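**Student:** This one is protein_26.csv, CSV, C-alpha atoms.
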chain,number,residue,atom,x,y,z
C,1,MET,CA,93.7,126.7,66.7
C,2,SER,CA,92.0,127.5,63.4
C,3,ARG,CA,88.9,129.7,63.5
C,4,GLU,CA,87.6,128.5,60.1
C,5,LYS,CA,83.8,128.1,59.8
C,6,ILE,CA,82.6,124.5,60.4
C,7,PRO,CA,80.0,123.7,57.6
C,8,GLY,CA,76.6,122.5,58.7
C,9,LEU,CA,76.7,123.8,62.3
C,10,ALA,CA,74.6,126.5,63.9
C,11,PRO,CA,76.5,129.4,65.3
C,12,GLU,CA,76.0,128.3,68.9
C,13,ALA,CA,77.1,124.7,68.2
C,14,GLU,CA,80.1,125.9,66.2
C,15,ARG,CA,81.2,128.1,69.1
C,16,GLU,CA,80.9,125.2,71.6
C,17,VAL,CA,82.9,122.9,69.3
C,18,LEU,CA,85.6,125.4,68.8
C,19,ALA,CA,85.8,126.1,72.5
C,20,ARG,CA,86.2,122.4,73.2
C,21,LEU,CA,88.9,122.0,70.6
C,22,GLU,CA,90.8,124.9,72.1
C,23,ARG,CA,90.7,123.3,75.5
C,24,MET,CA,92.0,120.1,74.0
C,25,ASP,CA,94.8,122.0,72.3
C,26,ARG,CA,95.9,123.6,75.5
C,27,ARG,CA,96.0,120.3,77.3
C,28,LEU,CA,98.1,118.8,74.5
C,29,ARG,CA,100.5,121.7,74.6
C,30,ALA,CA,100.8,121.2,78.4
C,31,VAL,CA,101.7,117.6,77.9
C,32,GLU,CA,104.3,118.4,75.4
C,33,VAL,CA,106.3,120.6,77.9
C,34,THR,CA,106.0,118.2,80.8
C,35,PRO,CA,109.5,116.8,81.8
C,36,PRO,CA,109.9,113.2,80.6
C,37,VAL,CA,109.3,110.4,83.1
C,38,ASP,CA,111.3,107.2,82.4
C,39,GLN,CA,109.0,104.4,83.5
C,40,ALA,CA,111.2,101.4,82.6
C,41,LEU,CA,113.2,99.8,85.4
C,42,ILE,CA,116.9,100.4,85.2
C,43,SER,CA,119.1,97.5,86.2
C,44,SER,CA,122.4,98.6,84.6
C,45,ASP,CA,124.8,101.6,84.7
C,46,PHE,CA,123.0,104.8,83.8
C,47,VAL,CA,123.5,108.6,83.1
C,48,ALA,CA,120.9,110.8,84.6
C,49,ARG,CA,119.6,114.1,83.3
C,50,GLU,CA,117.9,117.1,85.1
C,51,GLY,CA,114.1,116.7,85.4
C,52,GLN,CA,114.1,112.9,85.1
C,53,THR,CA,112.3,110.3,87.2
C,54,LEU,CA,114.3,107.1,87.2
C,55,TYR,CA,113.1,103.7,88.6
C,56,LEU,CA,116.1,101.7,89.7
C,57,ALA,CA,116.2,97.9,90.1
C,58,ALA,CA,119.9,97.3,91.0
C,59,PRO,CA,121.0,93.7,91.2
C,60,ALA,CA,123.0,92.3,94.1
C,61,ALA,CA,126.2,93.1,92.2
C,62,GLY,CA,125.2,96.8,92.1
C,63,ILE,CA,125.1,99.5,89.4
C,64,SER,CA,126.6,102.9,88.9
C,65,GLY,CA,124.8,106.2,88.1
C,66,LEU,CA,126.4,109.4,86.9
C,67,LEU,CA,124.7,112.7,87.8
C,68,PRO,CA,125.2,115.9,85.7
C,69,ALA,CA,127.9,118.4,86.5
C,70,PRO,CA,126.7,121.1,88.9
C,71,THR,CA,126.5,124.5,87.2
C,72,PRO,CA,124.9,127.8,88.0
C,73,ARG,CA,122.4,127.0,85.2
C,74,ASN,CA,121.1,123.9,86.9
C,75,ARG,CA,121.2,125.2,90.5
C,76,GLY,CA,118.0,123.8,92.1
C,77,ALA,CA,117.4,121.3,89.4
C,78,ARG,CA,116.0,117.9,90.6
C,79,ILE,CA,116.3,114.3,89.6
C,80,THR,CA,113.9,111.8,91.2
C,81,LEU,CA,115.4,108.4,92.0
C,82,VAL,CA,113.1,105.6,93.0
C,83,PHE,CA,115.1,102.6,94.4
C,84,THR,CA,113.0,99.4,94.1
C,85,THR,CA,115.7,97.0,95.3
C,86,GLU,CA,118.4,96.9,98.0
C,87,GLY,CA,121.1,96.3,95.4
C,88,PRO,CA,123.8,99.0,95.8
C,89,VAL,CA,123.6,102.0,93.5
C,90,MET,CA,127.0,103.9,93.4
C,91,LEU,CA,126.2,107.5,92.6
C,92,THR,CA,128.9,109.9,91.3
C,93,CYS,CA,128.7,113.4,89.9
C,94,GLN,CA,130.5,114.6,86.8
C,95,GLY,CA,133.1,117.1,88.2
C,96,GLY,CA,131.5,117.2,91.6
C,97,THR,CA,130.3,115.3,94.7
C,98,VAL,CA,127.1,113.5,95.9
C,99,ASN,CA,126.2,114.4,99.5
C,100,GLY,CA,129.7,115.8,99.9
C,101,SER,CA,131.5,112.6,98.9
C,102,ALA,CA,133.1,111.5,95.6
C,103,THR,CA,130.8,108.4,95.6
C,104,LEU,CA,127.6,107.7,97.5
C,105,THR,CA,126.5,104.1,97.8
C,106,HIS,CA,122.7,103.8,98.3
C,107,THR,CA,121.0,100.6,99.4
C,108,VAL,CA,117.7,101.8,100.8
C,109,ILE,CA,114.4,101.2,99.1
C,110,GLY,CA,112.3,104.3,98.6
C,111,ALA,CA,111.9,107.5,96.6
C,112,TYR,CA,114.6,110.2,96.8
C,113,THR,CA,115.2,113.5,95.1
C,114,ALA,CA,118.7,114.7,94.1
C,115,VAL,CA,119.1,118.5,94.1
C,116,SER,CA,121.9,120.4,92.4
C,117,ASP,CA,123.6,123.1,94.5
C,118,GLY,CA,125.0,124.6,91.3
C,119,THR,CA,128.6,124.6,92.5
C,120,ALA,CA,129.9,121.5,94.4
C,121,GLY,CA,127.5,118.7,93.4
C,122,TRP,CA,124.2,117.1,94.2
C,123,TRP,CA,122.4,116.3,97.5
C,124,LEU,CA,120.3,113.2,97.8
C,125,GLN,CA,117.4,113.3,100.4
C,126,SER,CA,114.2,111.5,101.1
C,127,LEU,CA,111.5,112.6,98.8
C,128,GLU,CA,109.3,115.3,100.4
C,129,LEU,CA,105.9,114.0,101.4
C,130,ALA,CA,104.2,117.4,101.5
C,131,GLU,CA,101.9,116.3,98.6
C,132,HIS,CA,100.2,113.8,101.0
C,133,LEU,CA,97.9,116.3,102.6
C,134,ARG,CA,95.1,116.1,105.1
C,135,GLY,CA,93.2,119.2,104.5
C,136,THR,CA,93.7,122.9,105.1
C,137,GLY,CA,94.8,124.5,108.4
C,138,LEU,CA,95.7,127.9,109.7
C,139,THR,CA,99.0,129.6,110.2
C,140,VAL,CA,100.1,133.2,111.1
C,141,THR,CA,101.8,135.5,108.7
C,142,SER,CA,104.7,137.8,109.6
C,143,THR,CA,102.2,140.6,110.0
C,144,GLY,CA,100.2,138.6,112.5
C,145,LYS,CA,97.3,137.8,110.3
C,146,LEU,CA,95.7,134.3,109.9
C,147,THR,CA,96.1,132.6,106.6
C,148,LEU,CA,95.3,129.2,105.1
C,149,ARG,CA,98.0,126.6,104.5
C,150,GLN,CA,98.1,122.9,103.5
C,151,ARG,CA,98.8,120.4,106.2
C,152,PRO,CA,101.0,117.3,105.6
C,153,ARG,CA,100.2,113.9,107.0
C,154,LEU,CA,103.8,113.5,108.1
C,155,PRO,CA,105.0,116.7,109.9
C,156,GLN,CA,108.6,117.4,109.3
C,157,LEU,CA,111.2,119.2,111.5
C,158,GLN,CA,114.4,120.1,109.8
C,159,ASP,CA,117.5,122.1,110.8
C,160,TYR,CA,120.8,122.9,109.2
C,161,PHE,CA,122.2,124.8,112.2
C,162,ALA,CA,122.9,127.7,109.8
C,163,SER,CA,120.9,130.2,111.8
C,164,GLY,CA,120.2,131.2,115.4
C,165,ASN,CA,122.6,132.0,118.2
C,166,THR,CA,125.0,130.1,120.4
C,167,THR,CA,123.0,130.3,123.7
C,168,SER,CA,120.6,127.8,125.0
C,169,GLY,CA,117.1,128.1,123.5
C,170,SER,CA,118.2,130.0,120.4
C,171,ILE,CA,120.5,127.5,118.6
C,172,GLY,CA,119.6,126.8,115.0
C,173,ALA,CA,116.3,127.4,113.4
C,174,LEU,CA,114.4,125.2,115.9
C,175,GLY,CA,115.8,126.9,119.0
C,176,TRP,CA,117.8,124.0,120.4
C,177,ASN,CA,118.7,123.9,124.1
C,178,LEU,CA,122.3,123.6,125.3
C,179,LEU,CA,122.4,121.4,128.4
C,180,GLY,CA,124.8,119.2,130.3
C,181,SER,CA,127.2,119.4,133.3
C,182,VAL,CA,130.7,120.6,134.1
C,183,GLY,CA,130.8,123.0,131.3
C,184,GLY,CA,130.0,122.5,127.6
C,185,SER,CA,129.5,124.9,124.8
C,186,TYR,CA,128.2,125.3,121.3
C,187,THR,CA,129.9,127.4,118.6
C,188,ARG,CA,129.0,128.3,115.0
C,189,LEU,CA,131.4,127.1,112.4
C,190,ASN,CA,132.4,128.3,109.0
C,191,PRO,CA,129.9,126.5,106.7
C,192,THR,CA,132.6,125.6,104.3
C,193,THR,CA,134.5,123.5,106.8
C,194,PHE,CA,133.0,120.2,105.7
C,195,GLY,CA,130.4,121.0,103.1
C,196,SER,CA,127.0,122.7,103.7
C,197,THR,CA,126.1,120.4,106.6
C,198,ASN,CA,128.8,121.5,109.0
C,199,ARG,CA,127.3,124.3,111.0
C,200,GLY,CA,128.1,123.9,114.7
C,201,ALA,CA,130.4,122.3,117.2
C,202,LEU,CA,129.1,120.8,120.4
C,203,THR,CA,132.0,120.7,122.9
C,204,THR,CA,132.7,119.4,126.4
C,205,THR,CA,135.4,120.5,128.8
C,206,ALA,CA,138.5,118.4,129.5
C,207,LEU,CA,137.2,117.3,132.9
C,208,ILE,CA,135.9,113.8,133.5
C,209,ASN,CA,132.2,113.3,132.9
C,210,SER,CA,131.8,116.7,131.4
C,211,ARG,CA,128.9,116.4,129.0
C,212,ALA,CA,127.3,118.7,126.4
C,213,CYS,CA,123.8,118.0,125.1
C,214,LEU,CA,121.8,119.7,122.3
C,215,THR,CA,118.2,118.8,122.7
C,216,LEU,CA,114.8,120.0,121.5
C,217,GLY,CA,113.4,119.7,125.1
C,218,GLU,CA,114.1,122.6,127.4
C,219,THR,CA,115.4,120.2,130.1
C,220,GLU,CA,117.4,117.0,129.6
C,221,ALA,CA,114.4,114.9,130.7
C,222,ARG,CA,111.7,116.8,128.7
C,223,ALA,CA,109.6,114.4,126.6
C,224,VAL,CA,109.2,115.5,122.9
C,225,VAL,CA,108.4,112.4,120.7
C,226,ASP,CA,107.6,108.8,121.2
C,227,PRO,CA,109.0,106.0,118.9
C,228,ALA,CA,105.6,104.9,117.7
C,229,THR,CA,105.1,108.2,115.9
C,230,CYS,CA,108.7,108.7,114.8
C,231,GLN,CA,109.0,107.6,111.2
C,232,ILE,CA,112.4,109.0,110.2
C,233,LEU,CA,115.1,110.5,112.4
C,234,GLN,CA,118.3,111.8,110.7
C,235,CYS,CA,121.4,113.8,111.4
C,236,ALA,CA,124.6,114.7,109.6
C,237,TRP,CA,127.6,114.8,112.0
C,238,ASN,CA,131.3,114.6,112.2
C,239,MET,CA,133.1,113.1,115.2
C,240,ASN,CA,136.0,115.5,114.9
C,241,ASN,CA,139.6,114.6,115.4
C,242,SER,CA,139.8,112.9,118.8
C,243,LEU,CA,138.0,109.5,119.3
C,244,SER,CA,139.6,108.5,122.6
C,245,THR,CA,138.0,108.9,126.0
C,246,LYS,CA,134.8,109.9,124.2
C,247,ARG,CA,131.1,109.0,124.2
C,248,VAL,CA,128.6,110.3,121.6
C,249,PHE,CA,124.9,109.6,121.1
C,250,PHE,CA,122.2,110.7,118.7
C,251,GLY,CA,118.6,109.8,119.0
C,252,LEU,CA,115.9,109.5,121.7
C,253,ASN,CA,116.6,109.5,125.4
C,254,ASP,CA,114.2,110.0,128.3
C,255,ASN,CA,117.0,111.8,130.2
C,256,PHE,CA,120.1,113.1,128.4
C,257,ALA,CA,121.8,113.3,131.8
C,258,ASN,CA,122.2,109.5,131.6
C,259,ASP,CA,124.7,107.5,129.6
C,260,PRO,CA,122.5,105.8,127.0
C,261,ALA,CA,123.7,102.4,128.0
C,262,ALA,CA,122.3,103.0,131.5
C,263,ALA,CA,119.2,105.0,130.5
C,264,VAL,CA,115.7,103.9,131.4
C,265,ASN,CA,114.5,104.4,127.9
C,266,CYS,CA,116.4,105.3,124.8
C,267,LEU,CA,116.8,104.6,121.1
C,268,GLY,CA,119.6,105.7,118.9
C,269,VAL,CA,123.1,105.5,117.5
C,270,TYR,CA,125.9,105.3,120.0
C,271,TYR,CA,129.7,105.5,120.2
C,272,ASP,CA,131.7,104.7,123.4
C,273,SER,CA,135.5,104.5,123.1
C,274,ALA,CA,135.7,102.6,126.4
C,275,VAL,CA,133.7,99.7,124.7
C,276,ASP,CA,134.7,99.5,121.0
C,277,THR,CA,135.9,101.5,118.0
C,278,HIS,CA,132.7,100.8,116.1
C,279,TYR,CA,129.2,102.4,116.1
C,280,GLN,CA,126.6,100.8,118.3
C,281,ILE,CA,122.9,100.8,118.0
C,282,ILE,CA,120.8,100.8,121.1
C,283,ALA,CA,117.3,100.4,122.4
C,284,ARG,CA,116.4,100.3,126.1
C,285,SER,CA,113.0,100.0,127.6
C,286,GLY,CA,112.3,100.1,131.3
C,287,SER,CA,116.1,99.9,132.0
C,288,ALA,CA,116.5,96.7,130.0
C,289,GLY,CA,118.4,96.3,126.8
C,290,SER,CA,122.1,96.4,125.7
C,291,PRO,CA,123.9,98.1,122.9
C,292,THR,CA,124.7,96.1,119.7
C,293,VAL,CA,128.1,96.6,118.3
C,294,THR,CA,128.1,97.0,114.5
C,295,THR,CA,130.8,96.4,111.9
C,296,ARG,CA,131.1,100.1,111.0
C,297,THR,CA,134.3,101.7,112.5
C,298,VAL,CA,133.7,105.3,113.6
C,299,PRO,CA,135.8,107.6,111.5
C,300,ALA,CA,137.6,110.7,112.7
C,301,SER,CA,136.9,114.0,110.9
C,302,THR,CA,134.5,112.5,108.4
C,303,ALA,CA,131.0,113.6,107.8
C,304,GLU,CA,128.3,110.9,107.9
C,305,LEU,CA,124.6,110.9,107.4
C,306,MET,CA,122.9,108.8,110.1
C,307,THR,CA,119.3,107.6,109.6
C,308,ILE,CA,116.9,105.8,111.9
C,309,TRP,CA,113.9,104.6,109.9
C,310,GLN,CA,110.9,102.9,111.2
C,311,ASN,CA,109.9,100.4,108.5
C,312,PRO,CA,107.9,98.3,108.9
C,313,VAL,CA,106.0,99.5,111.9
C,314,GLY,CA,107.8,98.5,115.1
C,315,THR,CA,111.2,97.8,113.4
C,316,PHE,CA,113.9,100.5,113.5
C,317,SER,CA,116.7,100.3,110.9
C,318,PHE,CA,119.9,102.3,111.3
C,319,TYR,CA,121.9,103.5,108.4
C,320,PHE,CA,125.1,105.5,107.8
C,321,ASN,CA,125.3,107.1,104.4
C,322,GLY,CA,122.6,104.8,103.2
C,323,THR,CA,124.4,101.6,104.3
C,324,LEU,CA,122.6,99.4,106.9
C,325,LEU,CA,124.1,99.3,110.4
C,326,GLY,CA,121.5,96.9,111.8
C,327,SER,CA,117.8,96.8,112.9
C,328,ILE,CA,116.0,96.6,116.2
C,329,SER,CA,112.5,95.2,116.5
C,330,SER,CA,112.3,94.0,120.1
C,331,GLY,CA,112.7,95.8,123.4
C,332,VAL,CA,111.8,99.2,121.7
C,333,PRO,CA,110.6,101.7,124.3
C,334,THR,CA,107.1,103.1,124.1
C,335,ALA,CA,107.5,106.1,126.3
C,336,ALA,CA,107.8,109.7,125.0
C,337,MET,CA,111.4,110.9,125.1
C,338,ASN,CA,113.7,113.9,124.4
C,339,VAL,CA,115.6,114.0,121.1
C,340,GLY,CA,119.0,115.4,120.3
C,341,PHE,CA,122.8,115.0,120.5
C,342,ARG,CA,125.1,114.1,123.5
C,343,VAL,CA,128.9,114.1,123.8
C,344,GLU,CA,130.8,113.2,127.0
C,345,THR,CA,134.4,113.2,128.2
C,346,LEU,CA,135.2,109.9,129.9
C,347,ALA,CA,138.5,110.9,131.5
C,348,VAL,CA,140.6,113.9,132.4
C,349,ALA,CA,141.8,114.7,128.9
C,350,THR,CA,141.2,117.1,126.1
C,351,ALA,CA,137.8,118.6,125.4
C,352,LYS,CA,135.6,116.4,123.1
C,353,VAL,CA,133.8,117.7,120.1
C,354,VAL,CA,131.0,116.5,117.7
C,355,ASN,CA,130.2,118.7,114.8
C,356,VAL,CA,126.4,118.8,114.2
C,357,GLY,CA,124.9,119.6,110.8
C,358,TYR,CA,121.6,118.5,109.3
C,359,PHE,CA,118.8,117.3,111.5
C,360,GLY,CA,115.6,115.8,110.3
C,361,LEU,CA,112.5,114.3,111.9
C,362,GLU,CA,109.3,113.0,110.3
C,363,ALA,CA,106.5,112.0,112.7
C,364,SER,CA,103.0,110.6,112.0
C,365,VAL,CA,100.0,112.6,113.3
C,366,ALA,CA,98.1,111.1,116.1
C,367,THR,CA,94.9,112.6,117.5
C,368,ASN,CA,95.8,116.0,119.2
C,369,SER,CA,99.5,115.2,118.5
C,370,SER,CA,102.0,117.9,119.6
C,371,PHE,CA,103.1,117.9,116.0
C,372,ASP,CA,99.6,119.0,114.8
C,373,ASP,CA,99.5,122.7,115.4
C,374,ASP,CA,95.8,122.8,114.3
C,375,ALA,CA,94.7,120.1,116.8
C,376,PHE,CA,92.9,122.7,118.9
C,377,LEU,CA,90.6,123.5,115.9
C,378,GLU,CA,89.5,119.8,115.7
C,379,LEU,CA,88.4,119.4,119.3
Show me the file's structure as C-alpha cells.
**Tutor:**
Amino acid sequence: MSREKIPGLAPEAEREVLARLERMDRRLRAVEVTPPVDQALISSDFVAREGQTLYLAAPAAGISGLLPAPTPRNRGARITLVFTTEGPVMLTCQGGTVNGSATLTHTVIGAYTAVSDGTAGWWLQSLELAEHLRGTGLTVTSTGKLTLRQRPRLPQLQDYFASGNTTSGSIGALGWNLLGSVGGSYTRLNPTTFGSTNRGALTTTALINSRACLTLGETEARAVVDPATCQILQCAWNMNNSLSTKRVFFGLNDNFANDPAAAVNCLGVYYDSAVDTHYQIIARSGSAGSPTVTTRTVPASTAELMTIWQNPVGTFSFYFNGTLLGSISSGVPTAAMNVGFRVETLAVATAKVVNVGYFGLEASVATNSSFDDDAFLEL
C-alpha cells in the first residue's frame, strides 16, 4: 500500500484514510488466496481438484467423478461434495481407491468431505458438523486443568478400533465391552488386512448359541441411546469367510442377549443365515415387528459401510456403501437401548467372525442429555 501524501487532507484524516485503505488491501489479499468454490450445479461427468467444493445434481442415469491421485503431497487434502439429488454418482480415484473400493456409488443427498490418505486413495465421510456450535463449555486437559472448548450441537462418537486392548471395557478408543455367552473373544487385526477400517475380529466359539457382543453399555441390557436422539449410526464391517449357521446384528437393542428378531425393542441391520442370504432391516417396539428382507446379498470377506440415518424425523433409512437398503417409519421403538455389534453361532460348527472397523454415532442434544458433558453446569 502506497504511503504517498494525499493532497488536501489534514495529517489526522490522512492517517485514518491510509489505515482504512490498508485494511481493505489485507481483506482483498485474503480473498485472493481463498480456495475456489464452484457454485454451479454439476450434472455431467467431472474431474475434481484438491480444495474444491462441488455441488452435484446427478440425473437418474448417473454421472462419474474422478478424484486426484493420492500422493504424499496431498495427504490430508479435502474435497467437499454436496449431493443435491439421489442420482448415482460413481466416484473413482486416479491410481487409487475411494473408501477402499475401485468405485464408490453414492446416492445419498447431503454434504460430504473426501480426504486423501496420501497413499491408497480418498475416504468419503459425512461432513463434520462441528461448526454448528451451541456455546462454550469446559473440558479437562491432560494435566488436570479446566479449559474452554466449543460444544457441537450434534455430539459425535467415533471409533476406528485402532487403539485400546482386547479385554472388556478397554476395547477401542471408546472402551467397548466384550459380552456374550459360551465363550467369545475379540482380537486386534493387522490394520492392512482390509484397508484402514479393519481393526478387530469379534469371534464366537463353535458351540451352538455361542454369542459375542461388543457394546458401549457395560451390560448387554444397559441403555445408552434412544432412537429419537440418534441422527446417524454407522459401522464398517466385514462378515469374514463363513456365512453359514451365522447370525449378525449392528444397531440398537435393549438386550444384546436376545436375538434381534425376538427382542423387545431393537433397531438395526440384521443377517440370519437360517432365514435368507440377504441383509434384513429390523425395528421392534414392545415385542412387535418383523425383519424386512432386502435385495442386498450379504457378501463374504468384503468390507461394507453400513449407515442408519434418521431423515426426516421418525424415518430411519438404511444404506450399504451409500446404496439404500430400505426405510422404516412405523413401529420404531422409543425406549433407550444399548448400541453395538452381535454375532452368534446357530449350530455346532466352526466359530463365527465379524470384523469390526469404523463406528460412528451422531446424536442430538436434549436437556441434560447423557451426550452433553456440560449439562451439570446448566442446571
**Student:** Hey, can you check how far CA of Phe83 (chain C) sits from CA of Ser43 (chain C)?
**Tutor:**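 The value is 10.5 Å.
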**Student:** For Thr219 (chain C), find every residue with an atom within 9 Å (counting all atoms listed in the file), except residues of its own chain fewer than 2 positions away, and show them as a list in words.
**Tutor:**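 After dropping sequence-adjacent residues, the list is Asn177, Leu179, Thr215, Leu216, Gly217, Ala221, Arg222, Ala223, Asn255, Phe256 and Asn338 of chain C.
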**Student:** Taking (137.1, 102.1, 125.3) in the coordinates of the supplied file, I want to know which residues reach to within 9 Å of it, counting all atoms listed in the file; could you give the answer as a PyMOL selection string?
**Tutor:** chain C and resi 244-246+272-277
**Student:** Select all residues near (137.5, 119.7, 128.3) (cut-off 12 Å, inclusive, file coordinates), counting all atoms listed in the file, and output them as a PyMOL selection string.
**Tutor:** chain C and resi 181-185+202-212+242+245-246+343-353
**Student:** Can you tell me how far CA of Ser290 (chain C) sits from CA of Phe249 (chain C), in Å to one decimal?
**Tutor:**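 Separation between CA of Ser290 (chain C) and CA of Phe249 (chain C): 14.3 Å.
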**Student:** Which is closest to Cys235 (chain C) among C:Val298, C:Ile171, C:Val339, C:Met90, if we use all atoms listed in the file?
**Tutor:**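 Of C:Val298, C:Ile171, C:Val339, C:Met90, the one nearest Cys235 (chain C), counting all atoms listed in the file, is C:Val339.
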**Student:** In Å to one decimal, how far is CA of Gly331 (chain C) from CA of Thr297 (chain C)?
**Tutor:**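 Between CA of Thr297 (chain C) and CA of Gly331 (chain C) the gap works out to 24.9 Å.
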